[in-house]
Amino acid sequence: MIKFQKEDNYLVTGASSGIGRAIASKIIELGGSVIAVARREEKLNELGAVSEVIDLSAKVDDLSSWMLDLAKKHGKIKGLALSAGVQETVPLRATNLSKARQLFELNYFANLALAKGFCDKRVNAGRGSSMVFISSNAAISGMPGLVNYSASKGALDAAVRAMAAELARDGIRVNSVLPGFVRTEMTEKWGSMNGPTYFEEMDKKYPLGIGRPEQLSGVACFLLSDSAGWITGQNIVVDGGGSL
Amino acid sequence: MTKQELLKEIKNALQRDDDIAEDMELESIEEWDSLAALTLLSLYDQLFSVTFTMAEIGKCRKVSDLVALVGDKVS
């Protein structure tokens, strides 16, 4: 049974909905404290966590120093669960480089800046601290229209392995989780865009069916916990067999 | 944007050598497929900041229907 300590702070991005919210709730359920980060304050207030409202992609250059401020304000941080991200379905032939860079700004560079901030010994809680990045099975399975999104998640997974190698000497573990299609507020919108049979069709592509946020939160909490103390640099696919 | 400019954008999105005309049936256009429809969704989003659904694109039968989707945004 995974248990967190009340004095252990976990920073969760994308905490207002979907996978991020499920992870934040699960950490609190398991006894830990959460600094919940998102753009929408009203959704954060219901969580029972400390709330930090910020648009990560608008402040990428400041995020590392922002982490230091957070640690001064709330205490050192034991773990990061980085779930904020955006998916855009754009075929290669319609790719707009300016928009493609914007997607990378949030999906990759904001996470890189947060990781940089976290590796500061004034920010993290020392040995046993851990980072979990929410990637996607699109990083390992080609899908039409997801060229840039897949690349942003693949970049994250590659960075995870290099960060793990670099931070192991400090006892900091770094892993990513690669979800398949999960029903969230974001994917509900796609459902309304793609017609009534969309979810049914997606469900058929997954041997264990499409996922729920709660099916990711347990894995993320495991990776954040001491139970995963010998796991680092791994990209762990949690997708109901969707990438088989 | 004029209607002619939009037709040129659609032609480029379809990566087509020949011009397209409003009265052409989409089914008769060799390059028209699901990826082309997805490309058009992205194109309209980029050009006009409007988001259509695949269902809405799927209802289009002629090139004129694709043009009509953006209504008064073309002159």
# chains A, B, ... in the order shown; residues from 1 in each chain; ligands from 1
>>> interface_residues(of="chain A", to="chain B", cutoff="10 Å", atoms="only C-alpha atoms", output="PyMOL selection string")
chain A and resi 88-96+99+144-145+190-196
>>> write_last_selection(atoms="C-alpha atoms", output="mmCIF file, in the first residue's frame")
data_model
loop_
_atom_site.group_PDB
_atom_site.id
_atom_site.type_symbol
_atom_site.label_atom_id
_atom_site.label_comp_id
_atom_site.auth_asym_id
_atom_site.auth_seq_id
_atom_site.Cartn_x
_atom_site.Cartn_y
_atom_site.Cartn_z
ATOM 1 C CA GLU A 88 -3.586 19.262 -31.773
ATOM 2 C CA THR A 89 -4.535 17.090 -34.697
ATOM 3 C CA VAL A 90 -2.806 18.631 -37.707
ATOM 4 C CA PRO A 91 -1.750 16.640 -40.763
ATOM 5 C CA LEU A 92 1.832 17.218 -41.908
ATOM 6 C CA ARG A 93 0.699 19.033 -45.033
ATOM 7 C CA ALA A 94 -1.230 21.551 -42.892
ATOM 8 C CA THR A 95 1.537 22.082 -40.353
ATOM 9 C CA ASN A 96 2.095 25.707 -39.427
ATOM 10 C CA LYS A 99 1.770 26.894 -34.130
ATOM 11 C CA PRO A 144 -2.085 10.365 -38.783
ATOM 12 C CA GLY A 145 -2.403 14.020 -37.825
ATOM 13 C CA TRP A 190 -13.115 15.640 -29.608
ATOM 14 C CA GLY A 191 -16.114 13.341 -29.249
ATOM 15 C CA SER A 192 -18.496 16.178 -29.999
ATOM 16 C CA MET A 193 -16.286 17.216 -32.943
ATOM 17 C CA ASN A 194 -15.949 13.781 -34.491
ATOM 18 C CA GLY A 195 -19.486 12.467 -34.294
ATOM 19 C CA PRO A 196 -21.570 10.122 -32.150
#
>>> residues_around(residues="Gly71 of chain B", least_positions_apart="5", cutoff="12 Å", atoms="only C-alpha atoms", output="list in words")
Met1, Thr2, Lys3, Leu6, Tyr44, Phe48, Val50, Ser64, Asp65 and Leu66 of chain B
>>> write_last_selection(atoms="all heavy atoms", output="compact mmCIF listing (two decimals), in the first residue's frame")
# COMPACT_ATOMS: atom_id res chain seq x y z
N MET B 1 -10.53 37.45 -47.49
CA MET B 1 -10.10 36.50 -48.53
C MET B 1 -11.19 36.35 -49.59
O MET B 1 -12.37 36.28 -49.25
CB MET B 1 -9.79 35.15 -47.87
CG MET B 1 -9.44 34.05 -48.84
SD MET B 1 -8.95 32.52 -48.00
CE MET B 1 -7.28 32.88 -47.55
N THR B 2 -10.78 36.29 -50.84
CA THR B 2 -11.78 36.09 -51.90
C THR B 2 -12.03 34.60 -52.09
O THR B 2 -11.24 33.75 -51.63
CB THR B 2 -11.27 36.67 -53.24
OG1 THR B 2 -10.15 35.87 -53.66
CG2 THR B 2 -10.85 38.12 -53.09
N LYS B 3 -13.13 34.32 -52.77
CA LYS B 3 -13.49 32.93 -53.02
C LYS B 3 -12.40 32.24 -53.85
O LYS B 3 -12.05 31.08 -53.61
CB LYS B 3 -14.83 32.89 -53.77
CG LYS B 3 -15.52 31.55 -53.71
CD LYS B 3 -16.84 31.58 -54.44
CE LYS B 3 -17.95 32.21 -53.63
NZ LYS B 3 -19.24 32.17 -54.32
N LEU B 6 -9.55 31.29 -51.66
CA LEU B 6 -9.89 30.11 -50.85
C LEU B 6 -9.79 28.83 -51.69
O LEU B 6 -9.25 27.82 -51.24
CB LEU B 6 -11.29 30.24 -50.25
CG LEU B 6 -11.74 29.03 -49.43
CD1 LEU B 6 -10.81 28.77 -48.25
CD2 LEU B 6 -13.18 29.22 -48.91
N TYR B 44 -8.93 25.63 -42.11
CA TYR B 44 -9.97 26.60 -41.72
C TYR B 44 -9.66 27.19 -40.35
O TYR B 44 -9.93 28.35 -40.09
CB TYR B 44 -11.34 25.92 -41.74
CG TYR B 44 -11.94 25.81 -43.13
CD1 TYR B 44 -11.23 26.23 -44.25
CD2 TYR B 44 -13.22 25.31 -43.33
CE1 TYR B 44 -11.77 26.13 -45.52
CE2 TYR B 44 -13.78 25.22 -44.59
CZ TYR B 44 -13.05 25.64 -45.69
OH TYR B 44 -13.59 25.56 -46.94
N PHE B 48 -9.25 31.06 -40.62
CA PHE B 48 -10.43 31.80 -40.16
C PHE B 48 -10.68 31.68 -38.65
O PHE B 48 -11.67 32.21 -38.15
CB PHE B 48 -11.68 31.30 -40.91
CG PHE B 48 -11.53 31.32 -42.41
CD1 PHE B 48 -11.47 30.14 -43.13
CD2 PHE B 48 -11.44 32.52 -43.10
CE1 PHE B 48 -11.32 30.14 -44.51
CE2 PHE B 48 -11.29 32.53 -44.49
CZ PHE B 48 -11.23 31.34 -45.20
N VAL B 50 -11.87 29.24 -37.11
CA VAL B 50 -13.14 28.54 -36.84
C VAL B 50 -12.86 27.03 -36.83
O VAL B 50 -12.06 26.53 -37.62
CB VAL B 50 -14.23 28.86 -37.88
CG1 VAL B 50 -14.76 30.25 -37.70
CG2 VAL B 50 -13.73 28.64 -39.30
N SER B 64 -18.35 23.62 -53.47
CA SER B 64 -19.14 24.79 -53.04
C SER B 64 -19.60 24.65 -51.60
O SER B 64 -19.73 25.64 -50.88
CB SER B 64 -20.33 25.01 -53.97
OG SER B 64 -21.13 23.85 -53.99
N ASP B 65 -19.85 23.40 -51.16
CA ASP B 65 -20.25 23.18 -49.76
C ASP B 65 -19.09 23.53 -48.82
O ASP B 65 -19.31 24.05 -47.73
CB ASP B 65 -20.67 21.73 -49.54
CG ASP B 65 -21.89 21.36 -50.36
OD1 ASP B 65 -22.73 22.25 -50.60
OD2 ASP B 65 -21.99 20.18 -50.78
N LEU B 66 -17.86 23.20 -49.25
CA LEU B 66 -16.69 23.53 -48.43
C LEU B 66 -16.54 25.04 -48.32
O LEU B 66 -16.18 25.57 -47.27
CB LEU B 66 -15.41 22.93 -49.04
CG LEU B 66 -15.32 21.41 -49.13
CD1 LEU B 66 -14.00 21.01 -49.82
CD2 LEU B 66 -15.39 20.76 -47.76
>>> select_by_dssp(residues="segment 6-170 of chain A", states="strand (DSSP E or B)", output="JSON list (two decimals) with N, CA, C and O atoms, in the first residue's frame")
[["chain", "number", "residue", "atom", "x", "y", "z"],
["A", 9, "ASN", "N", 5.41, 17.56, -0.14],
["A", 9, "ASN", "CA", 4.69, 18.34, -1.15],
["A", 9, "ASN", "C", 4.89, 17.74, -2.54],
["A", 9, "ASN", "O", 6.02, 17.42, -2.92],
["A", 10, "TYR", "N", 3.81, 17.63, -3.27],
["A", 10, "TYR", "CA", 3.88, 17.18, -4.66],
["A", 10, "TYR", "C", 3.26, 18.25, -5.55],
["A", 10, "TYR", "O", 2.12, 18.65, -5.31],
["A", 11, "LEU", "N", 4.01, 18.70, -6.51],
["A", 11, "LEU", "CA", 3.49, 19.70, -7.44],
["A", 11, "LEU", "C", 2.88, 18.99, -8.65],
["A", 11, "LEU", "O", 3.54, 18.15, -9.27],
["A", 12, "VAL", "N", 1.62, 19.30, -8.94],
["A", 12, "VAL", "CA", 0.92, 18.65, -10.06],
["A", 12, "VAL", "C", 0.46, 19.72, -11.03],
["A", 12, "VAL", "O", -0.28, 20.64, -10.65],
["A", 13, "THR", "N", 0.88, 19.62, -12.29],
["A", 13, "THR", "CA", 0.39, 20.56, -13.30],
["A", 13, "THR", "C", -0.78, 19.93, -14.07],
["A", 13, "THR", "O", -0.94, 18.71, -14.07],
["A", 33, "SER", "N", 0.60, 16.04, 0.39],
["A", 33, "SER", "CA", 0.11, 17.41, 0.16],
["A", 33, "SER", "C", 0.38, 17.78, -1.29],
["A", 33, "SER", "O", 1.42, 17.40, -1.84],
["A", 34, "VAL", "N", -0.55, 18.53, -1.86],
["A", 34, "VAL", "CA", -0.44, 18.86, -3.29],
["A", 34, "VAL", "C", -0.42, 20.36, -3.51],
["A", 34, "VAL", "O", -1.21, 21.10, -2.91],
["A", 35, "ILE", "N", 0.51, 20.80, -4.35],
["A", 35, "ILE", "CA", 0.47, 22.15, -4.91],
["A", 35, "ILE", "C", -0.11, 21.97, -6.31],
["A", 35, "ILE", "O", 0.55, 21.42, -7.19],
["A", 36, "ALA", "N", -1.36, 22.37, -6.46],
["A", 36, "ALA", "CA", -2.07, 22.11, -7.71],
["A", 36, "ALA", "C", -1.92, 23.31, -8.64],
["A", 36, "ALA", "O", -2.26, 24.44, -8.27],
["A", 37, "VAL", "N", -1.45, 23.06, -9.83],
["A", 37, "VAL", "CA", -1.17, 24.13, -10.79],
["A", 37, "VAL", "C", -2.07, 23.99, -12.02],
["A", 37, "VAL", "O", -2.18, 22.90, -12.59],
["A", 38, "ALA", "N", -2.71, 25.09, -12.38],
["A", 38, "ALA", "CA", -3.52, 25.11, -13.61],
["A", 38, "ALA", "C", -3.85, 26.55, -13.95],
["A", 38, "ALA", "O", -3.51, 27.47, -13.20],
["A", 50, "VAL", "N", -3.24, 23.16, -2.13],
["A", 50, "VAL", "CA", -2.76, 24.53, -2.32],
["A", 50, "VAL", "C", -2.84, 24.83, -3.81],
["A", 50, "VAL", "O", -2.41, 24.01, -4.63],
["A", 51, "SER", "N", -3.40, 25.97, -4.17],
["A", 51, "SER", "CA", -3.59, 26.26, -5.60],
["A", 51, "SER", "C", -2.59, 27.30, -6.10],
["A", 51, "SER", "O", -2.33, 28.29, -5.41],
["A", 52, "GLU", "N", -2.08, 27.08, -7.26],
["A", 52, "GLU", "CA", -1.23, 28.06, -7.94],
["A", 52, "GLU", "C", -1.77, 28.21, -9.36],
["A", 52, "GLU", "O", -1.76, 27.26, -10.14],
["A", 53, "VAL", "N", -2.28, 29.39, -9.66],
["A", 53, "VAL", "CA", -2.88, 29.62, -10.97],
["A", 53, "VAL", "C", -1.85, 30.28, -11.88],
["A", 53, "VAL", "O", -1.34, 31.35, -11.56],
["A", 77, "ILE", "N", 9.87, 20.51, -2.26],
["A", 77, "ILE", "CA", 8.94, 19.68, -3.03],
["A", 77, "ILE", "C", 9.51, 18.27, -3.20],
["A", 77, "ILE", "O", 10.65, 18.10, -3.62],
["A", 78, "LYS", "N", 8.68, 17.26, -2.87],
["A", 78, "LYS", "CA", 9.15, 15.87, -2.92],
["A", 78, "LYS", "C", 8.99, 15.28, -4.34],
["A", 78, "LYS", "O", 9.77, 14.42, -4.74],
["A", 79, "GLY", "N", 7.98, 15.78, -5.03],
["A", 79, "GLY", "CA", 7.78, 15.19, -6.36],
["A", 79, "GLY", "C", 7.03, 16.10, -7.31],
["A", 79, "GLY", "O", 6.30, 17.00, -6.88],
["A", 80, "LEU", "N", 7.23, 15.87, -8.59],
["A", 80, "LEU", "CA", 6.49, 16.57, -9.64],
["A", 80, "LEU", "C", 5.68, 15.55, -10.43],
["A", 80, "LEU", "O", 6.20, 14.49, -10.78],
["A", 81, "ALA", "N", 4.44, 15.89, -10.73],
["A", 81, "ALA", "CA", 3.64, 15.12, -11.68],
["A", 81, "ALA", "C", 3.19, 16.12, -12.74],
["A", 81, "ALA", "O", 2.34, 16.97, -12.47],
["A", 82, "LEU", "N", 3.79, 16.04, -13.92],
["A", 82, "LEU", "CA", 3.60, 17.08, -14.92],
["A", 82, "LEU", "C", 2.64, 16.61, -16.01],
["A", 82, "LEU", "O", 3.01, 15.85, -16.91],
["A", 124, "ASN", "N", 14.03, 20.84, -4.37],
["A", 124, "ASN", "CA", 13.59, 19.44, -4.12],
["A", 124, "ASN", "C", 13.91, 19.00, -2.70],
["A", 124, "ASN", "O", 14.72, 19.61, -2.01],
["A", 130, "SER", "N", 11.27, 12.76, -6.80],
["A", 130, "SER", "CA", 10.95, 12.07, -8.05],
["A", 130, "SER", "C", 10.12, 12.94, -8.98],
["A", 130, "SER", "O", 9.34, 13.77, -8.53],
["A", 131, "MET", "N", 10.33, 12.74, -10.26],
["A", 131, "MET", "CA", 9.51, 13.43, -11.27],
["A", 131, "MET", "C", 8.79, 12.41, -12.13],
["A", 131, "MET", "O", 9.39, 11.40, -12.53],
["A", 132, "VAL", "N", 7.53, 12.70, -12.44],
["A", 132, "VAL", "CA", 6.77, 11.87, -13.37],
["A", 132, "VAL", "C", 6.18, 12.78, -14.44],
["A", 132, "VAL", "O", 5.45, 13.73, -14.13],
["A", 133, "PHE", "N", 6.51, 12.50, -15.67],
["A", 133, "PHE", "CA", 5.98, 13.27, -16.80],
["A", 133, "PHE", "C", 4.85, 12.48, -17.47],
["A", 133, "PHE", "O", 5.01, 11.27, -17.69],
["A", 134, "ILE", "N", 3.77, 13.17, -17.77],
["A", 134, "ILE", "CA", 2.70, 12.48, -18.51],
["A", 134, "ILE", "C", 2.96, 12.68, -20.00],
["A", 134, "ILE", "O", 2.81, 13.78, -20.54]]
>>> closest_residue(among="A:Gly211, A:Gly233, A:Gly171, A:Gly242", to="Ala159 of chain A", atoms="only C-alpha atoms")
A:Gly233
>>> closest_residue(among="B:Gln4, B:Glu9, B:Arg61, B:Asp45", to="Ile29 of chain B", atoms="only C-alpha atoms")
B:Arg61
>>> closest_residue(among="A:Ser98, A:Leu70, A:Ala138, A:Leu156", to="Asn111 of chain A", atoms="only C-alpha atoms")
A:Leu156
>>> select_by_dssp(residues="chain B", states="helix (DSSP H, G or I)", output="MDAnalysis selection string")
chainID B and resid 3:13 26:28 34:48 54:58 63:69 71:73
>>> residues_around(residues="segment 20-26 of chain B", least_positions_apart="2", cutoff="7 Å", atoms="only C-alpha atoms", output="list in words")
Leu7, Lys11, Asp18, Ser28, Ile29, Trp32, Arg61, Lys62, Val63 and Ser64 of chain B
>>> write_last_selection(atoms="N, CA and C atoms", output="mmCIF file, in the first residue's frame")
data_model
loop_
_atom_site.group_PDB
_atom_site.id
_atom_site.type_symbol
_atom_site.label_atom_id
_atom_site.label_comp_id
_atom_site.auth_asym_id
_atom_site.auth_seq_id
_atom_site.Cartn_x
_atom_site.Cartn_y
_atom_site.Cartn_z
ATOM 1 N N LEU B 7 -10.286 28.901 -52.928
ATOM 2 C CA LEU B 7 -10.200 27.724 -53.808
ATOM 3 C C LEU B 7 -8.745 27.313 -54.033
ATOM 4 N N LYS B 11 -7.046 23.852 -52.993
ATOM 5 C CA LYS B 11 -6.261 23.103 -53.992
ATOM 6 C C LYS B 11 -4.885 22.740 -53.429
ATOM 7 N N ASP B 18 -4.214 20.185 -60.692
ATOM 8 C CA ASP B 18 -5.259 20.890 -61.445
ATOM 9 C C ASP B 18 -6.087 21.794 -60.531
ATOM 10 N N SER B 28 -15.444 13.079 -56.851
ATOM 11 C CA SER B 28 -14.764 12.995 -58.155
ATOM 12 C C SER B 28 -13.317 13.481 -58.070
ATOM 13 N N ILE B 29 -12.953 14.054 -56.926
ATOM 14 C CA ILE B 29 -11.586 14.573 -56.775
ATOM 15 C C ILE B 29 -10.710 13.466 -56.180
ATOM 16 N N TRP B 32 -9.290 13.725 -52.632
ATOM 17 C CA TRP B 32 -10.184 13.910 -51.483
ATOM 18 C C TRP B 32 -10.314 12.612 -50.686
ATOM 19 N N ARG B 61 -20.795 17.757 -50.046
ATOM 20 C CA ARG B 61 -20.800 16.919 -51.259
ATOM 21 C C ARG B 61 -20.001 17.565 -52.391
ATOM 22 N N LYS B 62 -20.046 18.890 -52.442
ATOM 23 C CA LYS B 62 -19.360 19.612 -53.519
ATOM 24 C C LYS B 62 -18.346 20.590 -52.932
ATOM 25 N N VAL B 63 -17.451 21.056 -53.774
ATOM 26 C CA VAL B 63 -16.482 22.070 -53.354
ATOM 27 C C VAL B 63 -17.230 23.307 -52.848
ATOM 28 N N SER B 64 -18.352 23.620 -53.471
ATOM 29 C CA SER B 64 -19.136 24.793 -53.044
ATOM 30 C C SER B 64 -19.603 24.646 -51.596
#
>>> closest_residue(among="A:Ala139, A:Ser83, A:Leu63, A:Tyr149", to="Ser17 of chain A", atoms="only C-alpha atoms")
A:Ser83
>>> residues_around(residues="segment 229-231 of chain A", least_positions_apart="6", cutoff="8 Å", atoms="only C-alpha atoms", output="ChimeraX atom specification")
/A:128,173,175,223
>>> atom_distance(atom1="atom CA of Ile28 of chain A", atom2="atom CA of Gly240 of chain A")
25.5 Å
>>> atom_distance(atom1="atom CA of Gly180 of chain A", atom2="atom CA of Met143 of chain A")
11.9 Å
>>> atom_distance(atom1="atom CA of Ala228 of chain A", atom2="atom CA of Tyr108 of chain A")
24.3 Å
